[in-house]
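Trainee: Here you go, this is run.txt (compact mmCIF, C-alpha atoms and all ligand atoms).
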# COMPACT_ATOMS: atom_id res chain seq x y z
CA MET A 1329 126.98 62.08 112.31
CA SER A 1330 128.21 58.51 112.45
CA ALA A 1331 127.84 58.72 116.24
CA LEU A 1332 124.05 58.95 115.88
CA LEU A 1333 122.35 55.56 116.36
CA LEU A 1334 119.26 54.44 114.44
CA PRO A 1335 116.54 55.11 117.08
CA PHE A 1336 113.45 53.78 115.26
CA ALA A 1337 112.63 51.14 112.67
CA ARG A 1338 109.55 50.16 110.67
CA ARG A 1339 107.78 47.09 112.07
CA ILE A 1340 106.87 44.80 109.18
CA ALA A 1341 103.65 43.59 110.86
CA ASP A 1342 101.87 46.97 110.99
CA SER A 1343 104.22 49.45 109.20
CA ASN A 1344 104.49 51.52 112.37
CA LEU A 1345 107.77 53.07 113.45
CA VAL A 1346 108.84 51.56 116.76
CA SER A 1347 111.56 51.99 119.40
CA PRO A 1348 113.83 49.05 120.32
CA ASP A 1349 111.95 48.61 123.63
CA GLU A 1350 108.67 47.93 121.82
CA VAL A 1351 109.95 44.81 120.01
CA PRO A 1352 111.79 41.55 120.84
CA ARG A 1353 115.59 41.90 120.80
CA GLY A 1354 117.82 40.94 117.90
CA ALA A 1355 116.54 39.80 114.52
CA GLY A 1356 113.26 38.77 116.15
CA CYS A 1357 112.19 42.42 116.04
CA ASN A 1358 111.04 41.89 112.45
CA CYS A 1359 111.75 45.47 111.44
CA LEU A 1360 113.21 47.29 108.44
CA CYS A 1361 115.38 50.40 108.25
CA PRO A 1362 113.14 53.33 107.19
CA GLY A 1363 116.00 54.75 105.10
CA CYS A 1364 117.02 51.73 102.99
CA ASP A 1365 114.33 49.08 103.70
CA ARG A 1366 116.95 46.50 104.71
CA PRO A 1367 116.32 44.24 107.77
CA VAL A 1368 117.58 45.55 111.10
CA ILE A 1369 118.22 44.00 114.52
CA ALA A 1370 117.17 45.52 117.84
CA ARG A 1371 120.14 46.15 120.10
CA GLN A 1372 119.18 46.17 123.76
CA GLY A 1373 122.59 46.30 125.37
CA THR A 1374 123.76 47.82 128.62
CA GLU A 1375 126.42 50.21 127.37
CA ARG A 1376 124.75 52.29 124.74
CA GLU A 1377 121.27 53.72 124.23
CA TRP A 1378 119.04 50.96 122.83
CA HIS A 1379 119.00 51.20 119.04
CA PHE A 1380 118.65 49.38 115.75
CA ALA A 1381 121.49 48.24 113.51
CA HIS A 1382 121.49 46.91 109.95
CA ALA A 1383 121.42 43.11 110.17
CA LYS A 1384 124.18 42.70 107.58
CA GLY A 1385 126.30 45.41 109.16
CA GLY A 1386 127.29 48.82 107.83
CA ALA A 1387 125.20 51.92 107.97
CA CYS A 1388 123.08 53.81 105.48
CA GLN A 1389 123.11 57.46 104.56
CA HIS A 1390 119.57 58.53 105.42
CA GLY A 1391 118.29 55.96 107.94
CA TYR A 1392 118.64 58.16 111.01
CA GLU A 1393 117.15 61.30 109.44
CA VAL A 1394 114.24 59.41 107.82
CA SER A 1395 113.47 57.58 111.06
CA VAL A 1396 113.25 60.86 113.03
CA HIS A 1397 111.16 62.53 110.31
CA GLU A 1398 108.79 59.56 110.00
CA ILE A 1399 108.25 59.04 113.71
CA ALA A 1400 107.53 62.76 114.18
CA LYS A 1401 104.73 62.50 111.59
CA GLN A 1402 103.46 59.32 113.22
CA MET A 1403 103.46 60.88 116.72
CA ILE A 1404 101.32 63.81 115.58
CA ARG A 1405 98.96 61.43 113.77
CA HIS A 1406 98.63 59.11 116.77
CA ARG A 1407 98.19 61.90 119.33
CA ARG A 1408 96.01 64.02 117.01
CA GLU A 1409 97.49 67.05 118.67
CA LEU A 1410 99.32 70.03 117.25
CA LEU A 1411 101.21 72.84 118.99
CA LEU A 1412 100.51 75.90 116.84
CA PRO A 1413 103.26 78.55 116.63
CA ALA A 1414 102.78 82.15 117.76
CA LEU A 1415 101.95 84.54 114.94
CA ASP A 1416 104.13 87.65 114.64
CA ALA A 1417 104.53 89.90 111.62
CA VAL A 1418 108.04 91.37 111.44
CA ILE A 1419 108.99 94.08 108.95
CA SER A 1420 112.26 95.97 108.69
CA ALA A 1421 113.72 98.87 106.69
CA THR A 1422 116.71 101.20 106.63
CA ASP A 1423 116.09 104.70 108.03
CA SER A 1424 117.55 108.03 106.85
CA PHE A 1425 120.60 107.56 109.11
CA GLY A 1426 121.31 104.21 107.44
CA LEU A 1427 120.24 102.18 110.50
CA LEU A 1428 118.08 99.07 110.33
CA ILE A 1429 114.79 99.45 112.18
CA GLU A 1430 112.23 96.74 112.85
CA GLU A 1431 108.50 96.68 113.55
CA ARG A 1432 106.86 93.64 115.12
CA MET A 1433 103.10 93.00 115.40
CA HIS A 1434 102.15 90.22 117.77
CA VAL A 1435 98.89 88.55 116.69
CA LEU A 1436 98.56 85.13 118.34
CA ASN A 1437 100.23 83.18 121.14
CA ALA A 1438 101.37 79.61 120.59
CA LYS A 1439 98.74 77.07 121.65
CA THR A 1440 97.96 73.37 121.50
CA VAL A 1441 94.92 72.24 119.51
CA HIS A 1442 93.21 68.87 119.21
CA LEU A 1443 92.91 67.70 115.62
CA ASP A 1444 89.52 66.32 114.55
CA GLN A 1445 91.30 64.61 111.69
CA CYS A 1446 94.96 63.98 110.97
CA LYS A 1447 96.65 62.34 108.00
CA THR A 1448 100.30 62.11 106.97
CA SER A 1449 101.92 62.64 103.54
CA GLN A 1450 98.95 64.45 102.05
CA LYS A 1451 98.98 65.92 98.54
CA ARG A 1452 97.37 69.35 98.16
CA ASP A 1453 97.59 71.02 94.74
CA GLU A 1454 101.24 70.71 93.71
CA VAL A 1455 102.73 69.81 97.07
CA THR A 1456 102.82 66.90 99.50
CA ALA A 1457 102.60 68.04 103.12
CA ASP A 1458 104.09 65.91 105.90
CA VAL A 1459 100.93 66.26 107.99
CA ALA A 1460 97.45 67.59 107.20
CA GLY A 1461 95.29 68.19 110.26
CA ARG A 1462 91.78 69.51 110.59
CA VAL A 1463 90.41 71.69 113.41
CA ALA A 1464 86.66 72.20 113.00
CA ASP A 1465 86.32 73.34 109.38
CA ARG A 1466 89.87 74.60 109.04
CA GLU A 1467 92.79 72.63 107.61
CA ILE A 1468 96.42 73.06 108.72
CA LEU A 1469 99.40 71.71 106.78
CA VAL A 1470 102.62 70.88 108.62
CA GLU A 1471 106.11 70.58 107.19
CA ILE A 1472 108.76 68.95 109.38
CA THR A 1473 112.46 69.44 108.68
CA VAL A 1474 115.31 67.53 110.32
CA PHE A 1475 118.70 67.77 108.58
CA HIS A 1476 117.84 70.19 105.80
CA ARG A 1477 116.15 73.56 105.69
CA LEU A 1478 112.81 73.90 103.94
CA MET A 1479 113.51 74.46 100.24
CA PRO A 1480 112.11 77.78 98.95
CA GLU A 1481 110.25 76.03 96.08
CA LYS A 1482 108.43 73.77 98.53
CA ARG A 1483 107.68 76.67 100.87
CA ASP A 1484 106.26 78.64 97.93
CA ARG A 1485 104.12 75.70 96.82
CA LEU A 1486 102.77 75.30 100.37
CA ILE A 1487 101.93 79.02 100.54
CA ALA A 1488 100.31 78.83 97.09
CA THR A 1489 97.76 76.31 98.39
CA GLY A 1490 96.24 79.16 100.41
CA ILE A 1491 95.85 76.70 103.31
CA SER A 1492 97.25 77.60 106.75
CA SER A 1493 100.75 76.09 106.84
CA MET A 1494 103.43 75.80 109.48
CA GLN A 1495 106.94 74.45 109.75
CA ILE A 1496 108.50 72.51 112.62
CA ASP A 1497 112.29 72.44 112.70
CA LEU A 1498 113.77 69.34 114.37
CA GLY A 1499 117.33 70.40 113.49
CA GLU A 1500 118.39 69.84 117.12
CA PHE A 1501 118.55 66.11 116.32
CA LYS A 1502 121.29 66.70 113.79
CA VAL A 1503 123.72 66.88 116.69
CA SER A 1504 121.90 65.24 119.59
CA GLN A 1505 120.82 61.60 119.61
CA ALA A 1506 117.05 61.38 118.99
CA THR A 1507 114.92 59.43 121.45
CA ARG A 1508 111.16 59.10 121.63
CA ALA A 1509 111.02 61.23 124.80
CA LYS A 1510 113.13 64.04 123.31
CA ILE A 1511 111.10 64.12 120.09
CA GLU A 1512 107.88 64.31 122.11
CA VAL A 1513 109.17 67.40 123.92
CA ALA A 1514 110.33 68.94 120.64
CA LEU A 1515 106.98 68.28 118.96
CA PHE A 1516 104.45 69.02 121.69
CA GLU A 1517 106.17 71.42 124.12
CA ASN A 1518 108.79 73.51 122.34
CA THR A 1519 107.19 76.67 120.94
CA MET A 1520 110.50 78.07 119.60
CA ASN A 1521 111.19 75.53 116.85
CA ARG A 1522 108.17 76.39 114.67
CA HIS A 1523 106.64 79.24 112.70
CA TRP A 1524 103.75 79.96 110.36
CA LEU A 1525 104.47 79.86 106.63
CA ASN A 1526 100.95 80.94 105.80
CA HIS A 1527 98.13 82.16 108.03
CA PRO A 1528 94.87 84.00 107.18
CA ARG A 1529 95.76 86.84 109.55
CA MET A 1530 99.35 87.27 108.41
CA GLU A 1531 98.74 89.73 105.55
CA GLN A 1532 96.62 92.04 107.69
CA ALA A 1533 99.27 91.99 110.45
CA ARG A 1534 102.00 92.78 107.90
CA ARG A 1535 100.02 95.76 106.60
CA GLU A 1536 99.55 97.10 110.13
CA ALA A 1537 103.26 96.64 110.86
CA GLN A 1538 104.08 98.43 107.60
CA THR A 1539 101.92 101.42 108.54
CA LYS A 1540 103.68 101.69 111.92
CA LEU A 1541 107.08 101.31 110.28
CA ASP A 1542 106.29 104.01 107.70
CA ALA A 1543 105.42 106.44 110.50
CA LYS A 1544 108.72 105.65 112.25
CA LEU A 1545 110.65 106.11 109.00
CA GLU A 1546 109.00 109.49 108.44
CA GLN A 1547 109.93 110.57 111.95
CA ARG A 1548 113.56 109.47 111.44
CA ARG A 1549 113.64 111.34 108.13
CA ALA A 1550 112.52 114.54 109.86
CA GLU A 1551 115.18 114.04 112.57
CA TRP A 1552 117.80 113.51 109.91
CA GLN A 1553 116.69 116.62 108.06
CA LEU A 1554 117.05 118.65 111.25
CA ALA A 1555 120.51 117.21 111.95
CA GLU A 1556 121.55 117.96 108.39
CA GLU A 1557 120.36 121.56 108.59
CA LYS A 1558 122.25 122.04 111.83
CA ARG A 1559 125.43 120.67 110.26
CA LEU A 1560 124.99 122.96 107.27
CA GLU A 1561 124.52 125.96 109.50
CA GLU A 1562 127.65 125.20 111.55
CA HIS A 1563 129.59 124.59 108.43
CA SER A 1564 128.60 127.81 106.73
CA LYS A 1565 129.51 129.68 109.91
CA ARG A 1566 132.99 128.13 109.89
CA ARG A 1567 133.33 128.91 106.22
CA GLN A 1568 132.40 132.52 106.80
CA GLU A 1569 134.94 132.87 109.61
CA LEU A 1570 137.67 131.41 107.46
CA ALA A 1571 136.83 133.60 104.47
CA GLU A 1572 137.16 136.65 106.71
CA PHE A 1573 140.47 135.36 108.04
CA GLN A 1574 141.84 134.79 104.54
CA PHE A 1575 140.56 138.13 103.32
CA ALA A 1576 142.56 139.75 106.12
CA ARG A 1577 145.72 137.83 105.14
CA PRO A 1578 145.68 137.39 101.34
CA SER A 1579 149.31 136.23 101.36
CA LEU A 1580 148.26 132.99 103.06
CA LEU A 1581 146.18 131.96 100.06
CA ASP A 1582 147.84 129.51 97.73
CA LYS A 1583 144.89 129.96 95.42
CA PRO A 1584 143.08 133.09 94.21
CA ALA A 1585 139.87 134.28 95.84
CA GLU A 1586 137.68 132.32 93.42
CA SER A 1587 138.73 129.13 95.21
CA ILE A 1588 135.94 130.01 97.65
CA ALA A 1589 133.52 129.03 94.91
CA SER A 1590 135.46 126.01 93.76
CA HIS A 1591 134.66 122.48 94.73
CA ARG A 1592 137.68 122.08 96.90
CA PRO A 1593 137.65 122.83 100.62
CA LEU A 1594 139.32 126.09 101.56
CA LEU A 1595 142.89 126.06 102.70
CA GLY A 1596 143.08 124.81 106.25
CA THR A 1597 139.59 123.29 106.27
CA GLU A 1598 138.39 119.78 105.77
CA ALA A 1599 135.20 118.84 103.99
CA MET A 1600 132.67 116.92 106.13
CA TRP A 1601 130.85 113.70 105.39
CA ARG A 1602 127.09 114.11 105.43
CA ALA A 1603 125.05 112.23 108.05
CA SER A 1604 124.03 109.49 105.61
CA LEU A 1605 124.91 108.18 102.18
CA PRO A 1606 123.41 109.96 99.16
CA THR A 1607 120.74 108.21 97.10
CA GLN A 1608 121.77 105.99 94.19
CA GLU A 1609 120.16 108.45 91.76
CA ASN A 1610 122.22 111.38 93.06
CA VAL A 1611 125.44 109.38 92.88
CA TYR A 1612 124.58 108.33 89.34
CA ARG A 1613 123.78 111.88 88.24
CA ALA A 1614 127.03 113.25 89.69
CA SER A 1615 128.99 110.39 88.06
CA GLN A 1616 127.41 111.18 84.70
CA SER A 1617 128.30 114.82 85.11
CA LEU A 1618 131.94 113.95 85.92
CA SER A 1619 132.04 111.61 82.95
CA ALA A 1620 130.70 114.37 80.66
CA ARG A 1621 133.24 116.93 81.98
CA THR A 1622 136.30 114.72 81.77
CA GLY A 1623 135.48 112.24 78.99
CA LEU A 1624 136.13 109.37 81.40
CA ASP A 1625 133.96 106.29 80.79
CA ILE A 1626 130.94 106.30 83.16
CA ALA A 1627 131.60 102.62 83.99
CA ILE A 1628 135.05 103.52 85.33
CA VAL A 1629 133.59 106.30 87.48
CA ARG A 1630 130.91 103.92 88.77
CA ALA A 1631 133.53 101.29 89.62
CA ALA A 1632 135.00 103.83 92.06
CA THR A 1633 131.68 105.03 93.55
CA ASN A 1634 130.41 101.45 93.87
CA THR A 1635 133.14 100.70 96.41
CA ILE A 1636 131.21 102.81 98.94
CA THR A 1637 128.23 100.79 100.09
CA SER A 1638 127.72 101.90 103.69
CA ARG A 1639 128.04 105.06 105.75
CA GLY A 1640 130.29 103.14 108.13
CA GLN A 1641 132.99 102.86 105.44
CA LEU A 1642 133.25 106.64 105.25
CA ALA A 1643 133.87 106.86 108.99
CA THR A 1644 137.23 105.16 108.42
CA THR A 1645 138.60 107.84 106.08
CA THR A 1646 138.44 111.60 105.42
CA PRO A 1647 137.04 113.28 102.29
CA THR A 1648 140.56 114.47 101.42
CA ASN A 1649 142.04 110.99 101.69
CA LEU A 1650 139.26 109.54 99.57
CA ALA A 1651 139.63 112.32 97.00
CA THR A 1652 143.40 111.68 96.80
CA GLU A 1653 142.80 107.95 96.42
CA TRP A 1654 140.16 108.29 93.68
CA ALA A 1655 142.09 111.05 91.91
CA ALA A 1656 145.05 108.65 91.63
CA ALA A 1657 142.87 105.72 90.60
CA LEU A 1658 140.94 107.68 87.95
CA ASN A 1659 143.90 109.84 86.94
CA LEU A 1660 141.92 113.06 87.48
CA PRO A 1661 142.63 116.27 89.43
CA GLU A 1662 141.45 116.16 93.05
CA ASP A 1663 139.17 119.14 92.39
CA GLU A 1664 137.10 116.98 90.06
CA ILE A 1665 136.72 114.32 92.73
CA PHE A 1666 135.70 116.89 95.33
CA ARG A 1667 133.12 118.19 92.89
CA LEU A 1668 131.78 114.66 92.37
CA LEU A 1669 131.60 114.04 96.14
CA SER A 1670 129.90 117.38 96.68
CA GLU A 1671 127.40 117.09 93.80
CA ALA A 1672 126.46 113.52 94.73
CA GLY A 1673 125.90 114.60 98.32
CA TYR A 1674 128.65 112.69 100.13
CA ILE A 1675 130.19 115.82 101.62
CA LEU A 1676 129.62 119.36 102.73
CA ILE A 1677 132.30 121.76 101.56
ZN ZN A 1701 119.27 51.79 106.30
What does the file become when written as structure tokens?
Mentor:
Amino acid sequence: MSALLLPFARRIADSNLVSPDEVPRGAGCNCLCPGCDRPVIARQGTEREWHFAHAKGGACQHGYEVSVHEIAKQMIRHRRELLLPALDAVISATDSFGLLIEERMHVLNAKTVHLDQCKTSQKRDEVTADVAGRVADREILVEITVFHRLMPEKRDRLIATGISSMQIDLGEFKVSQATRAKIEVALFENTMNRHWLNHPRMEQARREAQTKLDAKLEQRRAEWQLAEEKRLEEHSKRRQELAEFQFARPSLLDKPAESIASHRPLLGTEAMWRASLPTQENVYRASQSLSARTGLDIAIVRAATNTITSRGQLATTTPTNLATEWAAALNLPEDEIFRLLSEAGYILI
């Protein structure tokens, strides 16, 4: 950050922020650093971008950031022009397969408006906005960020005013030297560095997006249900075939016939993971049941089940491996773990 030069200073005569080319060179510029209020000199050399430097040498921590922030406010106030962001409502949720799906409602395109009135550093209710502009009878508050993101408390206070509010992010100047020309492009031409914090049509758009998303979720749930039924059907067919095979060769059984009803997969078969993770309630109920059967503290059971947080994790192991692992960790027979996995709805047996 030390490579960034102070691009603007406050001219004592009229309190405006100015570039080095708008004032006489050297100490004759009669300007102060906007960050620390110490006198600066205008450097108009041939090697580096023209800039200001503290007259007594050294740098200050916030001079550069404050100068960019302040001149951005001043430019909007002088031009009385504001590039409004596009308005999109975006809602997302996790479907029955555990995938993230998104619904986007496009409401308004970005557009430039002329401000009938424009003031900087305006207090509204509990918050001071960087810029307050007026278009016809409607007010718009603007928050400009440079080095730091907009703090959630400030965002909330802006939204609480009920006034249309937008944010402009000038974070690009954290790494690239700010000049008047570059800031003008960022403020009046770049539609990507801004968004609405509050807009009268936002709630309605969100509700419409939610309705569309709910319909999609319902459709995915039905698809999942169908996939699950198909898996069940295939599984029960395999189970039937194996039962017939074992009935024909009882000597192959290392367990009596009742093992068919037990919670362990039959000899020579592997349990299958279900298409998606079971609900938290089902996992909790099955954990409680295991705890009641074995006398093991529910918290210890939950510590094991809580390690599974996504369906993707299950893809890296088999039910048998997981049962062996948990059986060792909880010091319980594998049958109990299989019963837990089956009752919770992790697996098909
Ligand atoms: Zn300074």
Trainee: So which one's closest to Val1611 (chain A), A:Arg1376, A:Arg1338, A:Arg1630, A:Arg1462? Using only C-alpha atoms, please.
Mentor: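 The shortest atom-to-atom distance to Val1611 (chain A) comes from A:Arg1630.
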Trainee: Identify, on the basis of all atoms listed in the file, every residue whose closest approach to region 1529-1540 of chain A does not exceed 10 Å; exclude the query and any residue fewer than 5 positions from it along the same chain; express the result as a PyMOL selection string.
Mentor: chain A and resi 1415-1421+1430-1436+1492+1524+1545
Trainee: Go through the chains and note each residue within 12 Å of ligand ZN 1701 (chain A), using all atoms listed in the file, then give the set as number ranges by chain.
Mentor: A: 1333-1338, 1359-1369, 1380-1395
Trainee: Just write the chosen residues, C-alpha atoms, as a compact mmCIF listing (two decimals), keeping the file's coordinate frame.
Mentor:
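Output contents, as saved in part01.txt:
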# COMPACT_ATOMS: atom_id res chain seq x y z
CA LEU A 1333 122.35 55.56 116.36
CA LEU A 1334 119.26 54.44 114.44
CA PRO A 1335 116.54 55.11 117.08
CA PHE A 1336 113.45 53.78 115.26
CA ALA A 1337 112.63 51.14 112.67
CA ARG A 1338 109.55 50.16 110.67
CA CYS A 1359 111.75 45.47 111.44
CA LEU A 1360 113.21 47.29 108.44
CA CYS A 1361 115.38 50.40 108.25
CA PRO A 1362 113.14 53.33 107.19
CA GLY A 1363 116.00 54.75 105.10
CA CYS A 1364 117.02 51.73 102.99
CA ASP A 1365 114.33 49.08 103.70
CA ARG A 1366 116.95 46.50 104.71
CA PRO A 1367 116.32 44.24 107.77
CA VAL A 1368 117.58 45.55 111.10
CA ILE A 1369 118.22 44.00 114.52
CA PHE A 1380 118.65 49.38 115.75
CA ALA A 1381 121.49 48.24 113.51
CA HIS A 1382 121.49 46.91 109.95
CA ALA A 1383 121.42 43.11 110.17
CA LYS A 1384 124.18 42.70 107.58
CA GLY A 1385 126.30 45.41 109.16
CA GLY A 1386 127.29 48.82 107.83
CA ALA A 1387 125.20 51.92 107.97
CA CYS A 1388 123.08 53.81 105.48
CA GLN A 1389 123.11 57.46 104.56
CA HIS A 1390 119.57 58.53 105.42
CA GLY A 1391 118.29 55.96 107.94
CA TYR A 1392 118.64 58.16 111.01
CA GLU A 1393 117.15 61.30 109.44
CA VAL A 1394 114.24 59.41 107.82
CA SER A 1395 113.47 57.58 111.06
Trainee: Taking all atoms listed in the file into account, name the residue in A:Ser1670, A:Glu1350, A:Glu1664, A:Met1600 that is nearest to Thr1645 (chain A).
Mentor: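 Ranking A:Ser1670, A:Glu1350, A:Glu1664, A:Met1600 by distance to Thr1645 (chain A), first place goes to A:Met1600.
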Trainee: Quick one: of A:Thr1622, A:Thr1440, A:Asn1610, A:Thr1422, who's nearest to Phe1516 (chain A), counting only C-alpha atoms?
Mentor: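 Closest residue, counting only C-alpha atoms: A:Thr1440.
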Trainee: Check the smallest atom-to-atom distance from each of A:Gln1616, A:Thr1489, A:Thr1473, A:Thr1519 to Lys1502 (chain A) using only C-alpha atoms, then report the winner.
Mentor: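 For Lys1502 (chain A), the nearest of the candidates is A:Thr1473.
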Trainee: Can you tell me how far CA of Glu1409 (chain A) sits from CA of Val1441 (chain A), in Å to one decimal?
Mentor: 5.9 Å
Trainee: How about completing region 1479-1505 of chain A with N, CA and C atoms and giving it to me as a compact mmCIF listing (two decimals), in the coordinates of the input?
Mentor:
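File selection-v3.txt, as written:
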# COMPACT_ATOMS: atom_id res chain seq x y z
N MET A 1479 113.13 73.87 101.52
CA MET A 1479 113.51 74.46 100.24
C MET A 1479 112.50 75.54 99.84
N PRO A 1480 113.01 76.66 99.28
CA PRO A 1480 112.11 77.78 98.95
C PRO A 1480 110.99 77.37 97.99
N GLU A 1481 111.29 76.45 97.03
CA GLU A 1481 110.25 76.03 96.08
C GLU A 1481 109.12 75.34 96.83
N LYS A 1482 109.47 74.49 97.80
CA LYS A 1482 108.43 73.77 98.53
C LYS A 1482 107.64 74.74 99.41
N ARG A 1483 108.36 75.67 100.04
CA ARG A 1483 107.68 76.67 100.87
C ARG A 1483 106.68 77.46 100.01
N ASP A 1484 107.13 77.87 98.82
CA ASP A 1484 106.26 78.64 97.93
C ASP A 1484 105.03 77.83 97.51
N ARG A 1485 105.25 76.54 97.23
CA ARG A 1485 104.12 75.70 96.82
C ARG A 1485 103.13 75.51 97.97
N LEU A 1486 103.66 75.41 99.20
CA LEU A 1486 102.77 75.30 100.37
C LEU A 1486 101.95 76.59 100.52
N ILE A 1487 102.62 77.73 100.39
CA ILE A 1487 101.93 79.02 100.54
C ILE A 1487 100.87 79.17 99.45
N ALA A 1488 101.23 78.69 98.23
CA ALA A 1488 100.31 78.83 97.09
C ALA A 1488 99.01 78.05 97.28
N THR A 1489 99.00 77.06 98.17
CA THR A 1489 97.76 76.31 98.39
C THR A 1489 96.71 77.21 99.06
N GLY A 1490 97.17 78.28 99.71
CA GLY A 1490 96.24 79.16 100.41
C GLY A 1490 95.76 78.56 101.73
N ILE A 1491 96.25 77.36 102.06
CA ILE A 1491 95.85 76.70 103.31
C ILE A 1491 96.85 77.11 104.41
N SER A 1492 96.35 77.28 105.64
CA SER A 1492 97.25 77.60 106.75
C SER A 1492 98.37 76.56 106.82
N SER A 1493 99.62 77.03 106.85
CA SER A 1493 100.75 76.09 106.84
C SER A 1493 101.79 76.51 107.85
N MET A 1494 102.38 75.51 108.50
CA MET A 1494 103.43 75.80 109.48
C MET A 1494 104.60 74.86 109.30
N GLN A 1495 105.75 75.29 109.83
CA GLN A 1495 106.94 74.45 109.75
C GLN A 1495 107.44 74.15 111.15
N ILE A 1496 107.85 72.89 111.36
CA ILE A 1496 108.50 72.51 112.62
C ILE A 1496 109.93 72.11 112.29
N ASP A 1497 110.88 72.70 112.98
CA ASP A 1497 112.29 72.44 112.70
C ASP A 1497 112.88 71.54 113.79
N LEU A 1498 113.18 70.28 113.42
CA LEU A 1498 113.77 69.34 114.37
C LEU A 1498 115.28 69.24 114.18
N GLY A 1499 115.88 70.35 113.75
CA GLY A 1499 117.33 70.40 113.49
C GLY A 1499 118.18 70.06 114.70
N GLU A 1500 117.60 70.16 115.92
CA GLU A 1500 118.39 69.84 117.12
C GLU A 1500 118.90 68.39 117.08
N PHE A 1501 118.17 67.52 116.34
CA PHE A 1501 118.55 66.11 116.32
C PHE A 1501 119.65 65.80 115.30
N LYS A 1502 120.12 66.83 114.64
CA LYS A 1502 121.29 66.70 113.79
C LYS A 1502 122.51 66.41 114.66
N VAL A 1503 122.54 67.01 115.83
CA VAL A 1503 123.72 66.88 116.69
C VAL A 1503 123.44 66.10 117.97
N SER A 1504 122.16 65.99 118.36
CA SER A 1504 121.90 65.24 119.59
C SER A 1504 121.09 63.99 119.26
N GLN A 1505 121.47 62.89 119.87
CA GLN A 1505 120.82 61.60 119.61
C GLN A 1505 119.30 61.69 119.86
